[in-house]
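Colleague: One structure coming up, written as structure tokens, with questions to follow.
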Amino acid sequence: MASAHLSDTVSRLRSHYDAGRTKPIPWRLAQLKGLDRMLKEAGDELAAALGEDLGKAAPESFLAEIDFVAAEVRSMRKHLRSWLRPKRVHTPPHLQPAKSYLLREPLGLVLVIGPFNYPVQLTLTPLAGALACGNAVVVKPSESSPATSAALARLLGAYLDPEAVAVVEGGAEATSALLGERMDHIFFTGSAKVGRIVAKAAAEHLTPVTLELGGKSPAIVEPGVDLAAAARRIAWAKFMNAGQTCLAPDYVIALDGVGPELERHLAEAVREMYGHAPAESEDYGRIVDERSFDRLAAFLDEGRLVCGGGHNREARYIAPTVLADVDAKDAVMAEEVFGPVLPILSLETLDEAIAHVNAGEKPLALYAFTNADTTKRKLLTRTSSGAVGFNVPTAHIDVPGLPFGGVGASGLGAYHGKWSIETFSHAKAVLEKPLAPDTMQVVYPPFTSVKEKIMRRLR
Ligand code: NAD
């Protein structure tokens, strides 16, 4: 989109917002209903686009994207009125008589920038939250999943109020142009590198940002747990979407000699899920582009190959791969893997694992396979991460009452359900006090000792 056209689009949305069209609750509910209908009627079209972009199997697309968003939208429609109800808070005695309350007001124009890996879930879930709060929204899907981006542009235009929602397609250039416009909130999901660019641009207009980033989420495995079951859960979470999942276990920390047995179970779990030739499995995805393929292929020479390793650049295929005996200094341990390569780092004690995790940036999630409450307590109190999953990775994203977001380098802010209301609206503080009786007399000068006594007693 040419930048003049883009500015026109932004002004059109802003005028619609300024005219108050997006504020009434029925309008918001109608948008959510439109999203719901779109997901029902065009679910197959979206699944086909996801298949084209990422080789995603349709059941996985429905599970992790289309039905996921539909559940979020349904829950929002159900709870919206109660979530938006003004909330009374206590007014202290020295201000009585009066009432104090919080009003949830929309922010205005929201920009949602999406990544390539779950391009439906990660654009539509924030969009639902922003619309529920009565905002106008510009959605910028990732250019790296072009079929899904095109489908979203077409469908959102047809199912939602086109005066309040616009899709701008394109890459860094389109995003930069959008970042030059004044927005009232920017919701970004993607890499820390681009997150920094977004935060800097937002600072120019003092626009608040939500940053949903990534990082190296560890899966710590202790001896004494059912290693076959742990391996299945790790393999499922890691190799879904060919490892291109922000919440996937990035690497395993095998404690106290569990490494060799865990390796065998991981290889077995991969065979159970994707067969002896994952390249032929309809359930296994592809790497998004050649640049990512090249970055990931370079990891395949590190450590000792437990399983996988096969790759084909033309097909953007990298087999589900497990690497053992990696060193903390290897490249695969230095940067976020974000692909189907699972390194295993062997350490002796939980304290060493905690020290390793704390030496890096705060991860989006920390997973631990353990039966011990003391281990859980130690991890909860001595590490920091966006979320924690005990004995199950990634599934906390499916708990509607839990916020989804990172901390430190893995993100800023959170969303989902009620948490989206906090992100996409402003809690306006309101105090209402009658003019009579004028109980404020006591704070007006000239001060007297009697006034002072009353003031101090009432505080
Ligand atoms: P990315 O940062 O490359 O791209 C994200 C968005 O930013 C895209 O829409 C892209 O067009 C835009 N963009 C790219 N370069 C830009 C630039 N120079 N200026 C302005 N905009 C630019 O991320 P990605 O490759 O699509 O996704 C992978 C990353 O996202 C991983 O780090 C992953 O962990 C993270 N991620 C986080 C979450 C989460 O919810 N926390 C979810 C998915 C992915």
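Labels for the structure tokens follow display order: chains A, B, ..., residues from 1 in each chain, ligands from 1.
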Using only C-alpha atoms and all ligand atoms, find each protein or nucleic acid residue lying at most 8 Å from ligand 1; present the set as JSON, numbers by chain.
Modeller: {"A": [113, 114, 115, 116, 117, 118, 122, 140, 141, 142, 143, 144, 170, 171, 172, 173, 174, 175, 176, 179, 188, 189, 190, 191, 192, 193, 194, 195, 197, 198, 211, 212, 213, 214, 215, 244, 245, 246, 247, 336, 338, 364, 404, 405, 406, 410, 411]}
Colleague: Pull the strand (DSSP E) assignments for region 167-398 of chain A out of DSSP run on the backbone, and list those residues as a ChimeraX atom specification.
Modeller: /A:167,185-189,209-212,218-221,251-255,304-307,311-312,317-318,321-324,341-347,365-369,387-390
Colleague: Using the selection just defined, write its residues with C-alpha atoms as a PDB file, in the first residue's frame.
Modeller:
```pdb
ATOM      1  CA  VAL A 167      -5.753  -4.931   6.942  1.00  0.00           C
ATOM      2  CA  HIS A 185      -1.611   1.325  21.130  1.00  0.00           C
ATOM      3  CA  ILE A 186       0.700  -1.036  19.269  1.00  0.00           C
ATOM      4  CA  PHE A 187       0.357  -4.755  19.843  1.00  0.00           C
ATOM      5  CA  PHE A 188       3.383  -6.545  18.380  1.00  0.00           C
ATOM      6  CA  THR A 189       4.080 -10.273  18.218  1.00  0.00           C
ATOM      7  CA  VAL A 209       3.110  -1.065  23.369  1.00  0.00           C
ATOM      8  CA  THR A 210       2.480  -4.694  24.101  1.00  0.00           C
ATOM      9  CA  LEU A 211       5.398  -6.847  23.001  1.00  0.00           C
ATOM     10  CA  GLU A 212       4.827 -10.584  22.640  1.00  0.00           C
ATOM     11  CA  PRO A 218      13.800 -24.594  28.820  1.00  0.00           C
ATOM     12  CA  ALA A 219      12.275 -27.980  29.662  1.00  0.00           C
ATOM     13  CA  ILE A 220      13.966 -29.345  32.764  1.00  0.00           C
ATOM     14  CA  VAL A 221      13.661 -33.098  33.280  1.00  0.00           C
ATOM     15  CA  TYR A 251      15.954 -26.985  24.711  1.00  0.00           C
ATOM     16  CA  VAL A 252      15.984 -29.701  27.332  1.00  0.00           C
ATOM     17  CA  ILE A 253      18.019 -29.709  30.518  1.00  0.00           C
ATOM     18  CA  ALA A 254      18.481 -33.372  31.481  1.00  0.00           C
ATOM     19  CA  LEU A 255      19.344 -33.612  35.174  1.00  0.00           C
ATOM     20  CA  ARG A 304      25.592 -35.603  18.789  1.00  0.00           C
ATOM     21  CA  LEU A 305      22.658 -36.607  16.574  1.00  0.00           C
ATOM     22  CA  VAL A 306      20.071 -38.662  18.457  1.00  0.00           C
ATOM     23  CA  CYS A 307      17.422 -38.665  15.728  1.00  0.00           C
ATOM     24  CA  HIS A 311      16.812 -31.880   5.442  1.00  0.00           C
ATOM     25  CA  ASN A 312      15.855 -30.635   1.990  1.00  0.00           C
ATOM     26  CA  TYR A 317      12.018 -29.600   5.205  1.00  0.00           C
ATOM     27  CA  ILE A 318      14.022 -30.275   8.338  1.00  0.00           C
ATOM     28  CA  THR A 321      15.875 -33.526  15.236  1.00  0.00           C
ATOM     29  CA  VAL A 322      17.223 -34.229  18.716  1.00  0.00           C
ATOM     30  CA  LEU A 323      20.829 -33.326  19.551  1.00  0.00           C
ATOM     31  CA  ALA A 324      22.591 -34.546  22.696  1.00  0.00           C
ATOM     32  CA  VAL A 341      15.903 -28.912  16.454  1.00  0.00           C
ATOM     33  CA  LEU A 342      15.903 -29.932  20.118  1.00  0.00           C
ATOM     34  CA  PRO A 343      19.252 -29.735  21.929  1.00  0.00           C
ATOM     35  CA  ILE A 344      19.720 -31.566  25.233  1.00  0.00           C
ATOM     36  CA  LEU A 345      22.029 -30.023  27.786  1.00  0.00           C
ATOM     37  CA  SER A 346      23.063 -32.415  30.564  1.00  0.00           C
ATOM     38  CA  LEU A 347      23.573 -30.935  34.036  1.00  0.00           C
ATOM     39  CA  ALA A 365       7.930 -20.110  29.558  1.00  0.00           C
ATOM     40  CA  LEU A 366       9.763 -22.524  31.789  1.00  0.00           C
ATOM     41  CA  TYR A 367       8.776 -26.191  31.849  1.00  0.00           C
ATOM     42  CA  ALA A 368       9.786 -28.816  34.368  1.00  0.00           C
ATOM     43  CA  PHE A 369       9.052 -32.508  34.534  1.00  0.00           C
ATOM     44  CA  ALA A 387       4.699 -18.658  32.443  1.00  0.00           C
ATOM     45  CA  VAL A 388       5.508 -22.001  34.038  1.00  0.00           C
ATOM     46  CA  GLY A 389       4.279 -25.451  33.002  1.00  0.00           C
ATOM     47  CA  PHE A 390       4.825 -28.406  35.287  1.00  0.00           C
TER      48      PHE A 390
END
```
Colleague: Going by DSSP on the backbone, which bits of region 129-258 of chain A are helix (DSSP H, G or I)? Write them as a PyMOL selection string, please.
Modeller: chain A and resi 129-132+146-159+172-180+192-204+227-243
Colleague: Smallest atom-to-atom distance to Pro249 (chain A): which of A:Ala315, A:Val392, A:Val288, A:Leu435, using only C-alpha atoms?
Modeller: A:Val392
Colleague: For a quick check of understanding, using only C-alpha atoms, which of A:Glu361, A:Asp327, A:Asp250, A:Glu352 has the smallest distance to Leu379 (chain A)?
Modeller: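 For Leu379 (chain A), the nearest of the given residues is A:Glu352.
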Colleague: Could you jot down the CA of Thr349 (chain A) to CA of Arg382 (chain A) separation for me, Å, one decimal place?
Modeller: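 Separation of CA of Thr349 (chain A) and CA of Arg382 (chain A): 14.3 Å.
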Colleague: Between A:Phe424, A:Pro340, A:Val258, A:Asp8, which residue has the minimum interatomic distance to Leu111 (chain A), considering only C-alpha atoms?
Modeller: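 The closest residue to Leu111 (chain A) is A:Phe424.
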Colleague: One decimal, in Å: what's the spacing between CA of Glu72 (chain A) and CA of Leu124 (chain A)?
Modeller: 9.7 Å
Colleague: For CA of Met455 (chain A) and CA of Ser100 (chain A), determine how far apart the two atoms are, in Å to one decimal place.
Modeller: 20.0 Å
Colleague: Determine the nearest neighbour of Leu227 (chain A) from the options A:Met440, A:Asn371, A:Val89, A:Val357, counting only C-alpha atoms.
Modeller: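 Checking each of A:Met440, A:Asn371, A:Val89, A:Val357 against Leu227 (chain A), counting only C-alpha atoms, the winner is A:Asn371.
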Colleague: Using only C-alpha atoms, determine which residues lie at most 6 Å from Lys56 (chain A), disregarding the query and same-chain residues fewer than 5 positions distant; provide the list as a PyMOL selection string.
Modeller: chain A and resi 50-51+285
Colleague: Between A:Thr22, A:Thr448, A:Thr125, A:Ser145, which one has atoms that come closest to Asp289 (chain A), using only C-alpha atoms?
Modeller: A:Ser145
Colleague: Using only C-alpha atoms, determine which residues lie at most 9 Å from Gly417 (chain A), disregarding the query and same-chain residues fewer than 4 positions distant; provide the list as a ChimeraX atom specification.
Modeller: /A:72-73,75-76,79,129,400-403,421
Colleague: Would you mind exporting the chosen residues as a PDB file, in the first residue's frame, restricted to all heavy atoms?
Modeller:
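part-v6.pdb was written with the following content:
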```pdb
ATOM      1  N   GLU A  72     -11.961 -18.120  22.111  1.00  0.00           N
ATOM      2  CA  GLU A  72     -11.672 -16.821  22.746  1.00  0.00           C
ATOM      3  C   GLU A  72     -12.803 -15.826  22.450  1.00  0.00           C
ATOM      4  O   GLU A  72     -13.277 -15.104  23.333  1.00  0.00           O
ATOM      5  CB  GLU A  72     -10.325 -16.305  22.195  1.00  0.00           C
ATOM      6  CG  GLU A  72      -9.961 -14.884  22.559  1.00  0.00           C
ATOM      7  CD  GLU A  72      -9.295 -14.728  23.920  1.00  0.00           C
ATOM      8  OE1 GLU A  72      -9.102 -15.758  24.598  1.00  0.00           O
ATOM      9  OE2 GLU A  72      -8.987 -13.589  24.287  1.00  0.00           O
ATOM     10  N   VAL A  73     -13.239 -15.819  21.195  1.00  0.00           N
ATOM     11  CA  VAL A  73     -14.293 -14.876  20.790  1.00  0.00           C
ATOM     12  C   VAL A  73     -15.609 -15.209  21.500  1.00  0.00           C
ATOM     13  O   VAL A  73     -16.307 -14.315  21.988  1.00  0.00           O
ATOM     14  CB  VAL A  73     -14.467 -14.908  19.249  1.00  0.00           C
ATOM     15  CG1 VAL A  73     -15.716 -14.144  18.819  1.00  0.00           C
ATOM     16  CG2 VAL A  73     -13.236 -14.338  18.563  1.00  0.00           C
ATOM     17  N   SER A  75     -15.978 -16.690  24.368  1.00  0.00           N
ATOM     18  CA  SER A  75     -15.865 -16.318  25.779  1.00  0.00           C
ATOM     19  C   SER A  75     -15.998 -14.795  25.946  1.00  0.00           C
ATOM     20  O   SER A  75     -16.627 -14.307  26.887  1.00  0.00           O
ATOM     21  CB  SER A  75     -14.532 -16.856  26.308  1.00  0.00           C
ATOM     22  OG  SER A  75     -14.103 -16.137  27.395  1.00  0.00           O
ATOM     23  N   MET A  76     -15.428 -14.048  25.002  1.00  0.00           N
ATOM     24  CA  MET A  76     -15.547 -12.586  25.088  1.00  0.00           C
ATOM     25  C   MET A  76     -16.980 -12.124  24.925  1.00  0.00           C
ATOM     26  O   MET A  76     -17.437 -11.228  25.640  1.00  0.00           O
ATOM     27  CB  MET A  76     -14.703 -11.942  24.002  1.00  0.00           C
ATOM     28  CG  MET A  76     -13.337 -11.719  24.502  1.00  0.00           C
ATOM     29  SD  MET A  76     -12.374 -10.708  23.444  1.00  0.00           S
ATOM     30  CE  MET A  76     -10.979 -10.559  24.535  1.00  0.00           C
ATOM     31  N   HIS A  79     -18.788 -12.826  28.240  1.00  0.00           N
ATOM     32  CA  HIS A  79     -18.427 -12.085  29.459  1.00  0.00           C
ATOM     33  C   HIS A  79     -18.291 -10.577  29.270  1.00  0.00           C
ATOM     34  O   HIS A  79     -18.095  -9.864  30.250  1.00  0.00           O
ATOM     35  CB  HIS A  79     -17.090 -12.607  30.006  1.00  0.00           C
ATOM     36  CG  HIS A  79     -17.146 -14.053  30.383  1.00  0.00           C
ATOM     37  ND1 HIS A  79     -17.898 -14.512  31.428  1.00  0.00           N
ATOM     38  CD2 HIS A  79     -16.549 -15.146  29.860  1.00  0.00           C
ATOM     39  CE1 HIS A  79     -17.764 -15.823  31.543  1.00  0.00           C
ATOM     40  NE2 HIS A  79     -16.959 -16.231  30.593  1.00  0.00           N
ATOM     41  N   GLY A 129      -9.706  -8.788  21.107  1.00  0.00           N
ATOM     42  CA  GLY A 129      -9.591  -8.002  22.343  1.00  0.00           C
ATOM     43  C   GLY A 129      -9.736  -6.513  22.067  1.00  0.00           C
ATOM     44  O   GLY A 129     -10.429  -5.787  22.795  1.00  0.00           O
ATOM     45  N   PRO A 400      -8.208 -20.148  29.758  1.00  0.00           N
ATOM     46  CA  PRO A 400      -8.698 -18.791  29.493  1.00  0.00           C
ATOM     47  C   PRO A 400      -8.414 -17.796  30.619  1.00  0.00           C
ATOM     48  O   PRO A 400      -8.230 -16.610  30.363  1.00  0.00           O
ATOM     49  CB  PRO A 400     -10.209 -18.976  29.328  1.00  0.00           C
ATOM     50  CG  PRO A 400     -10.424 -20.425  29.115  1.00  0.00           C
ATOM     51  CD  PRO A 400      -9.274 -21.153  29.735  1.00  0.00           C
ATOM     52  N   GLY A 401      -8.353 -18.265  31.861  1.00  0.00           N
ATOM     53  CA  GLY A 401      -8.153 -17.332  32.978  1.00  0.00           C
ATOM     54  C   GLY A 401      -6.709 -16.903  33.165  1.00  0.00           C
ATOM     55  O   GLY A 401      -6.435 -16.015  33.968  1.00  0.00           O
ATOM     56  N   LEU A 402      -5.782 -17.533  32.433  1.00  0.00           N
ATOM     57  CA  LEU A 402      -4.370 -17.176  32.612  1.00  0.00           C
ATOM     58  C   LEU A 402      -3.944 -16.132  31.581  1.00  0.00           C
ATOM     59  O   LEU A 402      -4.297 -16.248  30.407  1.00  0.00           O
ATOM     60  CB  LEU A 402      -3.469 -18.413  32.450  1.00  0.00           C
ATOM     61  CG  LEU A 402      -3.531 -19.454  33.565  1.00  0.00           C
ATOM     62  CD1 LEU A 402      -2.646 -20.656  33.219  1.00  0.00           C
ATOM     63  CD2 LEU A 402      -3.086 -18.861  34.899  1.00  0.00           C
ATOM     64  N   PRO A 403      -3.161 -15.125  32.019  1.00  0.00           N
ATOM     65  CA  PRO A 403      -2.661 -14.153  31.037  1.00  0.00           C
ATOM     66  C   PRO A 403      -1.609 -14.808  30.163  1.00  0.00           C
ATOM     67  O   PRO A 403      -0.883 -15.695  30.625  1.00  0.00           O
ATOM     68  CB  PRO A 403      -2.031 -13.068  31.919  1.00  0.00           C
ATOM     69  CG  PRO A 403      -1.680 -13.760  33.199  1.00  0.00           C
ATOM     70  CD  PRO A 403      -2.673 -14.866  33.381  1.00  0.00           C
ATOM     71  N   ILE A 421      -8.843  -7.194  27.990  1.00  0.00           N
ATOM     72  CA  ILE A 421      -9.590  -5.970  28.316  1.00  0.00           C
ATOM     73  C   ILE A 421      -8.620  -4.974  28.973  1.00  0.00           C
ATOM     74  O   ILE A 421      -8.638  -3.782  28.681  1.00  0.00           O
ATOM     75  CB  ILE A 421     -10.782  -6.284  29.260  1.00  0.00           C
ATOM     76  CG1 ILE A 421     -11.685  -7.366  28.669  1.00  0.00           C
ATOM     77  CG2 ILE A 421     -11.558  -5.015  29.610  1.00  0.00           C
ATOM     78  CD1 ILE A 421     -12.407  -7.014  27.399  1.00  0.00           C
TER      79      ILE A 421
END
```
Colleague: Residues within 7 Å of Leu131 (chain A), please, as a list in words. Count only C-alpha atoms; anything in the same chain fewer than 4 positions from it doesn't count.
Modeller: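 In the requested format, the answer is Arg28, Gln31, Leu127, Asn135 and Ala136 of chain A.
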Colleague: May I have the selected residues written with all heavy atoms, as a tab-separated table (two decimals), in the first residue's frame?
Modeller:
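Here's the written file result-v7.tsv:
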```
chain	number	residue	atom	x	y	z
A	28	ARG	N	-19.64	-3.52	19.34
A	28	ARG	CA	-18.52	-4.42	19.68
A	28	ARG	C	-18.96	-5.88	19.58
A	28	ARG	O	-18.24	-6.72	19.02
A	28	ARG	CB	-18.05	-4.14	21.10
A	28	ARG	CG	-17.71	-2.68	21.34
A	28	ARG	CD	-17.20	-2.51	22.73
A	28	ARG	NE	-17.19	-1.11	23.16
A	28	ARG	CZ	-16.60	-0.68	24.25
A	28	ARG	NH1	-15.97	-1.54	25.03
A	28	ARG	NH2	-16.62	0.58	24.57
A	31	GLN	N	-19.18	-7.04	16.07
A	31	GLN	CA	-17.87	-7.36	15.46
A	31	GLN	C	-17.41	-8.75	15.91
A	31	GLN	O	-16.89	-9.52	15.11
A	31	GLN	CB	-16.81	-6.31	15.84
A	31	GLN	CG	-17.16	-4.89	15.45
A	31	GLN	CD	-17.70	-4.78	14.03
A	31	GLN	OE1	-17.06	-5.19	13.07
A	31	GLN	NE2	-18.90	-4.25	13.90
A	127	LEU	N	-6.92	-8.90	17.83
A	127	LEU	CA	-7.97	-8.12	17.16
A	127	LEU	C	-9.28	-8.23	17.95
A	127	LEU	O	-9.96	-7.22	18.18
A	127	LEU	CB	-8.16	-8.62	15.72
A	127	LEU	CG	-9.36	-8.04	14.96
A	127	LEU	CD1	-9.20	-6.54	14.75
A	127	LEU	CD2	-9.55	-8.73	13.60
A	135	ASN	N	-12.20	-0.31	20.10
A	135	ASN	CA	-11.17	0.40	19.33
A	135	ASN	C	-11.36	0.21	17.82
A	135	ASN	O	-11.98	-0.76	17.38
A	135	ASN	CB	-9.79	-0.15	19.69
A	135	ASN	CG	-9.46	0.05	21.15
A	135	ASN	OD1	-9.23	1.17	21.58
A	135	ASN	ND2	-9.46	-1.03	21.92
A	136	ALA	N	-10.78	1.10	17.04
A	136	ALA	CA	-10.60	0.85	15.61
A	136	ALA	C	-9.23	0.17	15.48
A	136	ALA	O	-8.34	0.40	16.31
A	136	ALA	CB	-10.62	2.16	14.84
```
